[in-house]
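Asker: Have a look at the structure that comes next, please.
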Amino acid sequence: MEFISNCTTDAISNAAKALKDGHLVAFPTETVYGLGADATNEKAVARIYSVKARPNDHPLIVHISSINKLEDWATDIPDYAIKLAREFWPGPMTLILPRKELAKDFITGGQNNVGLRVPAQPVAFALLKKFEELGGQGVAAPSANRFGAVSPTTADAVVEEIGKYLDQTDLVLDGDNCLIGIESTIIDCTGLVPKVLRPGAITEEMIELNLEKNTDKSEGKSAVKAPGLMASHYAPKAKVFLNSFAEPGEGFLALSKFQTPVGAIRLASPISVEQYARDLYVALRSADQQGLKKVAVVVPEGTGLAEAIRDRLTKAATR
Ligand code: TXA
Ligand code: MG
């Protein structure tokens, strides 16, 4: 694997070419780092699954450079999905839509829907643009971690997670720390009204304000199967305990207004919910690096991004 610390225009061109040639390229997005492959190349996509050790019925998100590419991959796109795309792309939002022919079973896990996202991070955006100039149609990219583990939000974390499983010809692009720090909001757009499947930085409130209508908040199963959204996920090796007290020697993660319990090891002191999201995976990763067995977490309260953080922490605490 080659680590590219300086993402110049030339370096990005080379990375786009590597993707086109069927290699894997890990790249930064504003949410978390993704492990990219040409979304039309079955062999390359198969390598994503083996590097991540991911069950192969789990669908992948296809990353495109603009809303103009939406119709290459999706059909029967409801007006509300177009409205959301216009408002929030490029950005931390994935739309699930009925697939077109281009989205093969090896991308959708055999479902008739495909997940699409236009990322805003400059390196990601430039990479996708260049890839499309070379005739590419989209880049499949899950978070660049081993299955079920904590998503990487730095290039070093990518190497730590999957470096040893990558080939010599694969690349890791370093584009600094991810600004948002947790994965994109996933919205099922296959029904009459949108339904949030995975909360993220594009919040329910933002969606409803934009569309001037309510989202589907029913608890029941969505018609869309999203196996990655399972009970246990995003989990470090250390055991995570929510809203419990940290004993001496245990990790502690909470907003800065909460004092560190005596003897506990403070993993982060975010001053806002935004910073909490940005620090979350760095903190969980640092607990493992320090060999901690337990992490006590005070989850943030409220709606919006706090909800997304609680979602990830609840899954991290499930074993
Ligand atoms: O922020 C993100 O979304 C990052 C960056 C790299 O873009 N990607 C990411 O991918 O988080 P991944 O594969 O780690 O998580 C995507 C989730 C999975 O739970 C998967 O099951 C679901 O999205 N998903 C993808 N395509 C889907 C589809 N067609 N239908 C239902 N769920 C889908
Ligand atoms: Mg993931």
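Each chain in the structure tokens gets a letter, A, B and so on, in the order shown; residues start at 1 in every chain, and ligands are counted from 1 in the order they appear.
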Go through the chains and note each residue within 7 Å of ligand 2, using only C-alpha atoms and all ligand atoms, then give the set as a list in words.
Answerer: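 With only C-alpha atoms and all ligand atoms and a cut-off of 7 Å, ligand 2 is contacted by Pro142, Ser143, Asn145 and Ser151 of chain A.
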Asker: Include N, CA and C atoms and write out the residues we just selected as a PDB file, in the first residue's frame.
Answerer:
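This is the output file part06.pdb:
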```
ATOM      1  N   PRO A 142     -17.397   1.941   1.372  1.00  0.00           N
ATOM      2  CA  PRO A 142     -17.849   1.838   2.759  1.00  0.00           C
ATOM      3  C   PRO A 142     -16.813   2.533   3.644  1.00  0.00           C
ATOM      4  N   SER A 143     -17.121   2.677   4.914  1.00  0.00           N
ATOM      5  CA  SER A 143     -16.118   3.208   5.841  1.00  0.00           C
ATOM      6  C   SER A 143     -14.907   2.267   5.827  1.00  0.00           C
ATOM      7  N   ASN A 145     -12.902   0.638   7.629  1.00  0.00           N
ATOM      8  CA  ASN A 145     -12.558  -0.133   8.828  1.00  0.00           C
ATOM      9  C   ASN A 145     -12.909  -1.593   8.625  1.00  0.00           C
ATOM     10  N   SER A 151     -15.195   3.380  12.703  1.00  0.00           N
ATOM     11  CA  SER A 151     -14.822   4.007  11.428  1.00  0.00           C
ATOM     12  C   SER A 151     -13.607   4.907  11.616  1.00  0.00           C
TER      13      SER A 151
END
```
Asker: Using only C-alpha atoms and all ligand atoms, find each residue in chain A having at least one atom no more than 8 Å away from ligand 1; report its shortest atom-to-atom pair and that distance in Å (one decimal), rows by chain then rising number, as JSON lines.
Answerer:
```
{"residue": "A:Pro28", "atom": "CA", "partner": "ligand 1", "partner_atom_place_in_ligand_line": "6 (C)", "distance": 7.6}
{"residue": "A:Thr29", "atom": "CA", "partner": "ligand 1", "partner_atom_place_in_ligand_line": "6 (C)", "distance": 6.2}
{"residue": "A:Glu30", "atom": "CA", "partner": "ligand 1", "partner_atom_place_in_ligand_line": "1 (O)", "distance": 7.6}
{"residue": "A:Thr31", "atom": "CA", "partner": "ligand 1", "partner_atom_place_in_ligand_line": "1 (O)", "distance": 4.8}
{"residue": "A:Val32", "atom": "CA", "partner": "ligand 1", "partner_atom_place_in_ligand_line": "5 (C)", "distance": 5.4}
{"residue": "A:Tyr33", "atom": "CA", "partner": "ligand 1", "partner_atom_place_in_ligand_line": "6 (C)", "distance": 5.2}
{"residue": "A:Gly34", "atom": "CA", "partner": "ligand 1", "partner_atom_place_in_ligand_line": "6 (C)", "distance": 3.6}
{"residue": "A:Leu35", "atom": "CA", "partner": "ligand 1", "partner_atom_place_in_ligand_line": "6 (C)", "distance": 6.9}
{"residue": "A:His58", "atom": "CA", "partner": "ligand 1", "partner_atom_place_in_ligand_line": "21 (O)", "distance": 5.1}
{"residue": "A:Pro59", "atom": "CA", "partner": "ligand 1", "partner_atom_place_in_ligand_line": "26 (N)", "distance": 4.3}
{"residue": "A:Leu60", "atom": "CA", "partner": "ligand 1", "partner_atom_place_in_ligand_line": "25 (C)", "distance": 4.4}
{"residue": "A:Ile61", "atom": "CA", "partner": "ligand 1", "partner_atom_place_in_ligand_line": "25 (C)", "distance": 4.7}
{"residue": "A:Val62", "atom": "CA", "partner": "ligand 1", "partner_atom_place_in_ligand_line": "26 (N)", "distance": 7.8}
{"residue": "A:His63", "atom": "CA", "partner": "ligand 1", "partner_atom_place_in_ligand_line": "7 (O)", "distance": 7.1}
{"residue": "A:Pro92", "atom": "CA", "partner": "ligand 1", "partner_atom_place_in_ligand_line": "1 (O)", "distance": 6.1}
{"residue": "A:Met93", "atom": "CA", "partner": "ligand 1", "partner_atom_place_in_ligand_line": "3 (O)", "distance": 7.2}
{"residue": "A:Thr94", "atom": "CA", "partner": "ligand 1", "partner_atom_place_in_ligand_line": "3 (O)", "distance": 6.4}
{"residue": "A:Ile96", "atom": "CA", "partner": "ligand 1", "partner_atom_place_in_ligand_line": "29 (N)", "distance": 5.6}
{"residue": "A:Leu97", "atom": "CA", "partner": "ligand 1", "partner_atom_place_in_ligand_line": "29 (N)", "distance": 7.3}
{"residue": "A:Ile107", "atom": "CA", "partner": "ligand 1", "partner_atom_place_in_ligand_line": "26 (N)", "distance": 7.7}
{"residue": "A:Thr108", "atom": "CA", "partner": "ligand 1", "partner_atom_place_in_ligand_line": "29 (N)", "distance": 5.0}
{"residue": "A:Gly109", "atom": "CA", "partner": "ligand 1", "partner_atom_place_in_ligand_line": "29 (N)", "distance": 7.5}
{"residue": "A:Gln111", "atom": "CA", "partner": "ligand 1", "partner_atom_place_in_ligand_line": "29 (N)", "distance": 6.6}
{"residue": "A:Asn112", "atom": "CA", "partner": "ligand 1", "partner_atom_place_in_ligand_line": "29 (N)", "distance": 7.4}
{"residue": "A:Asn113", "atom": "CA", "partner": "ligand 1", "partner_atom_place_in_ligand_line": "29 (N)", "distance": 4.5}
{"residue": "A:Val114", "atom": "CA", "partner": "ligand 1", "partner_atom_place_in_ligand_line": "29 (N)", "distance": 3.6}
{"residue": "A:Gly115", "atom": "CA", "partner": "ligand 1", "partner_atom_place_in_ligand_line": "26 (N)", "distance": 4.2}
{"residue": "A:Leu116", "atom": "CA", "partner": "ligand 1", "partner_atom_place_in_ligand_line": "26 (N)", "distance": 7.6}
{"residue": "A:Arg117", "atom": "CA", "partner": "ligand 1", "partner_atom_place_in_ligand_line": "7 (O)", "distance": 6.9}
{"residue": "A:Pro119", "atom": "CA", "partner": "ligand 1", "partner_atom_place_in_ligand_line": "7 (O)", "distance": 6.9}
{"residue": "A:Ala141", "atom": "CA", "partner": "ligand 1", "partner_atom_place_in_ligand_line": "6 (C)", "distance": 5.4}
{"residue": "A:Pro142", "atom": "CA", "partner": "ligand 1", "partner_atom_place_in_ligand_line": "10 (O)", "distance": 3.4}
{"residue": "A:Ser143", "atom": "CA", "partner": "ligand 1", "partner_atom_place_in_ligand_line": "14 (O)", "distance": 3.9}
{"residue": "A:Ala144", "atom": "CA", "partner": "ligand 1", "partner_atom_place_in_ligand_line": "6 (C)", "distance": 7.1}
{"residue": "A:Asn145", "atom": "CA", "partner": "ligand 1", "partner_atom_place_in_ligand_line": "14 (O)", "distance": 7.9}
{"residue": "A:Ser151", "atom": "CA", "partner": "ligand 1", "partner_atom_place_in_ligand_line": "14 (O)", "distance": 7.5}
{"residue": "A:Ile182", "atom": "CA", "partner": "ligand 1", "partner_atom_place_in_ligand_line": "1 (O)", "distance": 6.7}
{"residue": "A:Glu183", "atom": "CA", "partner": "ligand 1", "partner_atom_place_in_ligand_line": "1 (O)", "distance": 3.4}
{"residue": "A:Ser184", "atom": "CA", "partner": "ligand 1", "partner_atom_place_in_ligand_line": "1 (O)", "distance": 3.7}
{"residue": "A:Thr185", "atom": "CA", "partner": "ligand 1", "partner_atom_place_in_ligand_line": "3 (O)", "distance": 7.0}
{"residue": "A:Ile186", "atom": "CA", "partner": "ligand 1", "partner_atom_place_in_ligand_line": "23 (O)", "distance": 6.7}
{"residue": "A:Asp188", "atom": "CA", "partner": "ligand 1", "partner_atom_place_in_ligand_line": "31 (C)", "distance": 7.5}
{"residue": "A:Leu197", "atom": "CA", "partner": "ligand 1", "partner_atom_place_in_ligand_line": "32 (N)", "distance": 8.0}
{"residue": "A:Arg198", "atom": "CA", "partner": "ligand 1", "partner_atom_place_in_ligand_line": "17 (C)", "distance": 7.9}
{"residue": "A:Val224", "atom": "CA", "partner": "ligand 1", "partner_atom_place_in_ligand_line": "31 (C)", "distance": 5.5}
{"residue": "A:Lys225", "atom": "CA", "partner": "ligand 1", "partner_atom_place_in_ligand_line": "31 (C)", "distance": 5.2}
{"residue": "A:Ala226", "atom": "CA", "partner": "ligand 1", "partner_atom_place_in_ligand_line": "32 (N)", "distance": 3.8}
{"residue": "A:Pro227", "atom": "CA", "partner": "ligand 1", "partner_atom_place_in_ligand_line": "21 (O)", "distance": 4.8}
{"residue": "A:Gly228", "atom": "CA", "partner": "ligand 1", "partner_atom_place_in_ligand_line": "19 (O)", "distance": 3.2}
{"residue": "A:Leu229", "atom": "CA", "partner": "ligand 1", "partner_atom_place_in_ligand_line": "19 (O)", "distance": 4.6}
{"residue": "A:Met230", "atom": "CA", "partner": "ligand 1", "partner_atom_place_in_ligand_line": "19 (O)", "distance": 7.7}
```
Asker: Which residue, A:Glu71, A:Glu42, A:Asp57, A:Asp156, has the smallest gap to Ile4 (chain A) when you use only C-alpha atoms?
Answerer: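 Counting only C-alpha atoms, the residue closest to Ile4 (chain A) is A:Asp156.
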Asker: Could you name the residues that touch Phe27 (chain A) at 8 Å or less, counting only C-alpha atoms, but leaving out those on the same chain fewer than 6 positions away, as a PDB file with N, CA, C and O atoms, in the first residue's frame?
Answerer:
```
ATOM      1  N   TYR A  33     -13.397   8.249   6.694  1.00  0.00           N
ATOM      2  CA  TYR A  33     -12.633   7.791   5.530  1.00  0.00           C
ATOM      3  C   TYR A  33     -13.354   6.620   4.869  1.00  0.00           C
ATOM      4  O   TYR A  33     -13.912   5.749   5.556  1.00  0.00           O
ATOM      5  N   GLY A  34     -13.342   6.614   3.533  1.00  0.00           N
ATOM      6  CA  GLY A  34     -13.959   5.531   2.784  1.00  0.00           C
ATOM      7  C   GLY A  34     -12.899   4.663   2.121  1.00  0.00           C
ATOM      8  O   GLY A  34     -11.784   5.107   1.856  1.00  0.00           O
ATOM      9  N   LEU A  35     -13.257   3.389   1.873  1.00  0.00           N
ATOM     10  CA  LEU A  35     -12.379   2.492   1.111  1.00  0.00           C
ATOM     11  C   LEU A  35     -13.012   2.335  -0.265  1.00  0.00           C
ATOM     12  O   LEU A  35     -14.027   1.661  -0.417  1.00  0.00           O
ATOM     13  N   GLY A  36     -12.401   2.990  -1.263  1.00  0.00           N
ATOM     14  CA  GLY A  36     -13.040   3.104  -2.572  1.00  0.00           C
ATOM     15  C   GLY A  36     -12.602   2.075  -3.598  1.00  0.00           C
ATOM     16  O   GLY A  36     -11.457   1.623  -3.613  1.00  0.00           O
ATOM     17  N   VAL A 123     -10.743  16.609  -1.352  1.00  0.00           N
ATOM     18  CA  VAL A 123      -9.966  15.510  -1.959  1.00  0.00           C
ATOM     19  C   VAL A 123     -10.925  14.486  -2.573  1.00  0.00           C
ATOM     20  O   VAL A 123     -10.736  14.026  -3.715  1.00  0.00           O
ATOM     21  N   ALA A 124     -11.993  14.161  -1.840  1.00  0.00           N
ATOM     22  CA  ALA A 124     -12.984  13.198  -2.346  1.00  0.00           C
ATOM     23  C   ALA A 124     -13.617  13.730  -3.625  1.00  0.00           C
ATOM     24  O   ALA A 124     -13.751  13.007  -4.624  1.00  0.00           O
ATOM     25  N   ALA A 155      -6.216   9.454   8.305  1.00  0.00           N
ATOM     26  CA  ALA A 155      -5.552   8.516   7.395  1.00  0.00           C
ATOM     27  C   ALA A 155      -4.743   7.481   8.195  1.00  0.00           C
ATOM     28  O   ALA A 155      -4.651   6.312   7.800  1.00  0.00           O
ATOM     29  N   VAL A 172      -3.613   4.953   0.020  1.00  0.00           N
ATOM     30  CA  VAL A 172      -4.331   5.643   1.096  1.00  0.00           C
ATOM     31  C   VAL A 172      -4.043   7.131   0.937  1.00  0.00           C
ATOM     32  O   VAL A 172      -2.881   7.553   0.978  1.00  0.00           O
ATOM     33  N   LEU A 173      -5.076   7.925   0.705  1.00  0.00           N
ATOM     34  CA  LEU A 173      -4.909   9.373   0.553  1.00  0.00           C
ATOM     35  C   LEU A 173      -5.130  10.049   1.906  1.00  0.00           C
ATOM     36  O   LEU A 173      -6.159   9.827   2.555  1.00  0.00           O
ATOM     37  N   ASP A 174      -4.182  10.878   2.302  1.00  0.00           N
ATOM     38  CA  ASP A 174      -4.321  11.600   3.570  1.00  0.00           C
ATOM     39  C   ASP A 174      -4.931  12.972   3.309  1.00  0.00           C
ATOM     40  O   ASP A 174      -4.342  13.785   2.599  1.00  0.00           O
ATOM     41  N   GLY A 175      -6.091  13.217   3.861  1.00  0.00           N
ATOM     42  CA  GLY A 175      -6.737  14.526   3.697  1.00  0.00           C
ATOM     43  C   GLY A 175      -7.150  15.083   5.037  1.00  0.00           C
ATOM     44  O   GLY A 175      -8.228  15.646   5.168  1.00  0.00           O
TER      45      GLY A 175
END
```
Asker: Please identify all polymer residues within 10 Å of region 243-252 of chain A, counting only C-alpha atoms, omitting same-chain residues fewer than 4 positions from it, and present them as a PyMOL selection string.
Answerer: chain A and resi 238-239+258-269+283-284+286-288+290-300
Asker: Generate the output file for the selected residues, N, CA, C and O atoms, as a compact mmCIF listing (two decimals), in the first residue's frame.
Answerer:
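Written output follows (part_2.txt):
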```txt
# COMPACT_ATOMS: atom_id res chain seq x y z
N ALA A 238 -12.43 -2.13 23.69
CA ALA A 238 -12.84 -1.80 25.06
C ALA A 238 -14.36 -1.90 25.16
O ALA A 238 -15.05 -1.62 24.19
N LYS A 239 -14.85 -2.29 26.32
CA LYS A 239 -16.31 -2.35 26.50
C LYS A 239 -16.83 -0.95 26.80
O LYS A 239 -16.27 -0.22 27.62
N PHE A 258 -18.70 18.03 32.10
CA PHE A 258 -18.66 16.95 33.09
C PHE A 258 -17.23 16.74 33.56
O PHE A 258 -16.32 16.58 32.75
N GLN A 259 -17.08 16.71 34.90
CA GLN A 259 -15.75 16.51 35.47
C GLN A 259 -15.29 15.06 35.32
O GLN A 259 -16.11 14.14 35.37
N THR A 260 -14.00 14.90 35.16
CA THR A 260 -13.44 13.55 35.07
C THR A 260 -13.50 12.88 36.44
O THR A 260 -13.01 13.44 37.42
N PRO A 261 -14.11 11.70 36.55
CA PRO A 261 -14.11 10.99 37.84
C PRO A 261 -12.66 10.71 38.28
O PRO A 261 -11.80 10.50 37.43
N VAL A 262 -12.45 10.69 39.59
CA VAL A 262 -11.09 10.53 40.12
C VAL A 262 -10.42 9.27 39.55
O VAL A 262 -11.01 8.19 39.59
N GLY A 263 -9.24 9.47 38.97
CA GLY A 263 -8.46 8.33 38.49
C GLY A 263 -8.84 7.84 37.10
O GLY A 263 -8.16 6.99 36.53
N ALA A 264 -9.93 8.36 36.55
CA ALA A 264 -10.35 7.91 35.21
C ALA A 264 -9.49 8.58 34.15
O ALA A 264 -8.87 9.62 34.40
N ILE A 265 -9.45 7.97 32.98
CA ILE A 265 -8.64 8.50 31.88
C ILE A 265 -9.54 9.22 30.89
O ILE A 265 -10.35 8.58 30.22
N ARG A 266 -9.40 10.54 30.85
CA ARG A 266 -10.27 11.34 29.98
C ARG A 266 -9.89 11.10 28.53
O ARG A 266 -8.73 11.27 28.14
N LEU A 267 -10.85 10.73 27.70
CA LEU A 267 -10.55 10.44 26.29
C LEU A 267 -10.84 11.62 25.39
O LEU A 267 -10.26 11.74 24.31
N ALA A 268 -11.76 12.49 25.82
CA ALA A 268 -12.04 13.72 25.08
C ALA A 268 -12.91 14.61 25.95
O ALA A 268 -13.63 14.13 26.82
N SER A 269 -12.83 15.93 25.70
CA SER A 269 -13.65 16.90 26.42
C SER A 269 -14.29 17.86 25.44
O SER A 269 -14.03 19.06 25.45
N ALA A 283 -11.64 9.18 20.07
CA ALA A 283 -11.60 8.84 21.50
C ALA A 283 -11.71 7.32 21.70
O ALA A 283 -10.95 6.73 22.48
N LEU A 284 -12.63 6.67 20.98
CA LEU A 284 -12.80 5.22 21.14
C LEU A 284 -11.54 4.48 20.69
O LEU A 284 -11.11 3.50 21.29
N SER A 286 -8.53 5.74 20.74
CA SER A 286 -7.46 5.99 21.70
C SER A 286 -7.62 5.09 22.92
O SER A 286 -6.62 4.65 23.52
N ALA A 287 -8.86 4.75 23.27
CA ALA A 287 -9.07 3.81 24.39
C ALA A 287 -8.40 2.47 24.07
O ALA A 287 -7.71 1.89 24.92
N ASP A 288 -8.55 2.01 22.84
CA ASP A 288 -7.93 0.75 22.45
C ASP A 288 -6.41 0.86 22.40
O ASP A 288 -5.69 -0.05 22.82
N GLN A 290 -4.60 2.67 24.20
CA GLN A 290 -4.09 2.68 25.57
C GLN A 290 -4.38 1.36 26.29
O GLN A 290 -4.05 1.22 27.46
N GLY A 291 -5.02 0.45 25.56
CA GLY A 291 -5.29 -0.87 26.14
C GLY A 291 -6.35 -0.86 27.24
O GLY A 291 -6.36 -1.75 28.10
N LEU A 292 -7.24 0.14 27.22
CA LEU A 292 -8.26 0.21 28.27
C LEU A 292 -9.30 -0.89 28.07
O LEU A 292 -9.59 -1.29 26.95
N LYS A 293 -9.82 -1.38 29.18
CA LYS A 293 -10.80 -2.47 29.12
C LYS A 293 -12.22 -1.93 29.08
O LYS A 293 -13.13 -2.55 28.56
N LYS A 294 -12.42 -0.74 29.71
CA LYS A 294 -13.77 -0.18 29.82
C LYS A 294 -13.74 1.31 29.53
O LYS A 294 -12.79 2.01 29.90
N VAL A 295 -14.82 1.77 28.88
CA VAL A 295 -14.99 3.21 28.67
C VAL A 295 -16.38 3.60 29.16
O VAL A 295 -17.38 3.03 28.71
N ALA A 296 -16.44 4.55 30.08
CA ALA A 296 -17.73 5.07 30.54
C ALA A 296 -18.02 6.34 29.74
O ALA A 296 -17.16 7.21 29.61
N VAL A 297 -19.24 6.40 29.21
CA VAL A 297 -19.59 7.52 28.33
C VAL A 297 -20.82 8.24 28.85
O VAL A 297 -21.81 7.59 29.21
N VAL A 298 -20.76 9.58 28.88
CA VAL A 298 -21.97 10.36 29.13
C VAL A 298 -22.47 10.80 27.75
O VAL A 298 -21.80 11.58 27.08
N VAL A 299 -23.61 10.25 27.35
CA VAL A 299 -24.10 10.56 26.00
C VAL A 299 -24.69 11.96 25.97
O VAL A 299 -25.23 12.43 26.96
N PRO A 300 -24.57 12.66 24.82
CA PRO A 300 -25.14 14.01 24.74
C PRO A 300 -26.66 13.95 24.64
O PRO A 300 -27.20 13.00 24.08
```
Asker: A:Lys217, A:Arg278, A:Lys104, A:Arg146: which is nearest Asn177 (chain A), counting only C-alpha atoms?
Answerer: A:Arg278
Asker: Skipping near chain neighbours, those fewer than 6 positions away, what residues fall within 12 Å of Gly302 (chain A) using only C-alpha atoms, listed as a list of chain:residue names?
Answerer: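 Once the nearby chain positions are removed, what remains is A:Thr203, A:Ser272, A:Val273, A:Ala308, A:Ile309, A:Arg310.
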Asker: Within 9 Å of region 76-87 of chain A, which residues of region 176-207 of chain A show up? Give each one with its shortest atom-to-atom distance in Å (one decimal) and the two atoms involved, counting only C-alpha atoms, rows by chain then rising residue number, as CSV.
Answerer:
```
residue,atom,partner,partner_atom,distance
A:Cys189,CA,A:Ala81,CA,6.3
A:Thr190,CA,A:Pro78,CA,7.9
A:Gly191,CA,A:Pro78,CA,8.5
A:Leu192,CA,A:Pro78,CA,7.9
A:Val193,CA,A:Tyr80,CA,7.9
A:Pro194,CA,A:Tyr80,CA,7.8
A:Ile207,CA,A:Leu84,CA,7.2
```
Asker: Would you output that residue set with all heavy atoms, as a PDB file, in the first residue's frame?
Answerer:
```
ATOM      1  N   CYS A 189     -35.489   6.732   0.231  1.00  0.00           N
ATOM      2  CA  CYS A 189     -36.335   7.542  -0.652  1.00  0.00           C
ATOM      3  C   CYS A 189     -37.120   6.645  -1.603  1.00  0.00           C
ATOM      4  O   CYS A 189     -37.355   7.009  -2.757  1.00  0.00           O
ATOM      5  CB  CYS A 189     -35.483   8.520  -1.455  1.00  0.00           C
ATOM      6  SG  CYS A 189     -34.566   9.691  -0.465  1.00  0.00           S
ATOM      7  N   THR A 190     -37.489   5.453  -1.146  1.00  0.00           N
ATOM      8  CA  THR A 190     -38.232   4.548  -2.027  1.00  0.00           C
ATOM      9  C   THR A 190     -39.732   4.583  -1.735  1.00  0.00           C
ATOM     10  O   THR A 190     -40.512   3.949  -2.425  1.00  0.00           O
ATOM     11  CB  THR A 190     -37.729   3.091  -1.894  1.00  0.00           C
ATOM     12  OG1 THR A 190     -37.962   2.660  -0.553  1.00  0.00           O
ATOM     13  CG2 THR A 190     -36.253   2.968  -2.208  1.00  0.00           C
ATOM     14  N   GLY A 191     -40.125   5.336  -0.704  1.00  0.00           N
ATOM     15  CA  GLY A 191     -41.548   5.417  -0.348  1.00  0.00           C
ATOM     16  C   GLY A 191     -42.118   6.793  -0.660  1.00  0.00           C
ATOM     17  O   GLY A 191     -41.432   7.640  -1.244  1.00  0.00           O
ATOM     18  N   LEU A 192     -43.371   7.001  -0.258  1.00  0.00           N
ATOM     19  CA  LEU A 192     -44.023   8.286  -0.524  1.00  0.00           C
ATOM     20  C   LEU A 192     -43.390   9.414   0.286  1.00  0.00           C
ATOM     21  O   LEU A 192     -43.361  10.558  -0.152  1.00  0.00           O
ATOM     22  CB  LEU A 192     -45.518   8.196  -0.204  1.00  0.00           C
ATOM     23  CG  LEU A 192     -46.331   7.362  -1.191  1.00  0.00           C
ATOM     24  CD1 LEU A 192     -47.781   7.266  -0.755  1.00  0.00           C
ATOM     25  CD2 LEU A 192     -46.234   7.959  -2.605  1.00  0.00           C
ATOM     26  N   VAL A 193     -42.937   9.063   1.481  1.00  0.00           N
ATOM     27  CA  VAL A 193     -42.237  10.049   2.317  1.00  0.00           C
ATOM     28  C   VAL A 193     -40.867   9.507   2.698  1.00  0.00           C
ATOM     29  O   VAL A 193     -40.692   8.279   2.811  1.00  0.00           O
ATOM     30  CB  VAL A 193     -43.019  10.379   3.615  1.00  0.00           C
ATOM     31  CG1 VAL A 193     -44.102  11.396   3.375  1.00  0.00           C
ATOM     32  CG2 VAL A 193     -43.576   9.133   4.238  1.00  0.00           C
ATOM     33  N   PRO A 194     -39.900  10.411   2.900  1.00  0.00           N
ATOM     34  CA  PRO A 194     -38.561   9.938   3.256  1.00  0.00           C
ATOM     35  C   PRO A 194     -38.518   9.354   4.667  1.00  0.00           C
ATOM     36  O   PRO A 194     -39.283   9.764   5.534  1.00  0.00           O
ATOM     37  CB  PRO A 194     -37.713  11.205   3.175  1.00  0.00           C
ATOM     38  CG  PRO A 194     -38.667  12.337   3.338  1.00  0.00           C
ATOM     39  CD  PRO A 194     -39.972  11.876   2.787  1.00  0.00           C
ATOM     40  N   ILE A 207     -34.234  18.092   7.336  1.00  0.00           N
ATOM     41  CA  ILE A 207     -34.944  17.458   6.224  1.00  0.00           C
ATOM     42  C   ILE A 207     -36.386  17.970   6.182  1.00  0.00           C
ATOM     43  O   ILE A 207     -36.893  18.377   5.134  1.00  0.00           O
ATOM     44  CB  ILE A 207     -34.922  15.914   6.393  1.00  0.00           C
ATOM     45  CG1 ILE A 207     -33.490  15.401   6.311  1.00  0.00           C
ATOM     46  CG2 ILE A 207     -35.811  15.235   5.350  1.00  0.00           C
ATOM     47  CD1 ILE A 207     -33.305  13.968   6.788  1.00  0.00           C
TER      48      ILE A 207
END
```
Asker: What does the distance from CA of Ala254 (chain A) to CA of Glu274 (chain A) come to in Å, to one decimal?
Answerer: 12.8 Å
Asker: Nearest to Asp10 (chain A): which of A:Leu127, A:Thr40, A:His23, A:Ala120 is it, counting only C-alpha atoms?
Answerer: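 Nearest to Asp10 (chain A): A:Leu127.
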Asker: As a ChimeraX atom specification, please: every residue in region 107-265 of chain A that a backbone DSSP assignment puts in helix (DSSP H, G or I).
Answerer: /A:107-108,122-133,155-165,204-211
Asker: Go through A:Lys20, A:Ile67, A:Gly304, A:Gly163 and flag the residue nearest Glu208 (chain A), using only C-alpha atoms for the distances.
Answerer: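 When distances to Glu208 (chain A) are compared using only C-alpha atoms, the smallest one comes from A:Gly304.
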Asker: Report as a count of residues only: the residues of region 106-215 of chain A with a DSSP assignment of strand (DSSP E or B), based on the backbone of this structure.
Answerer: 19
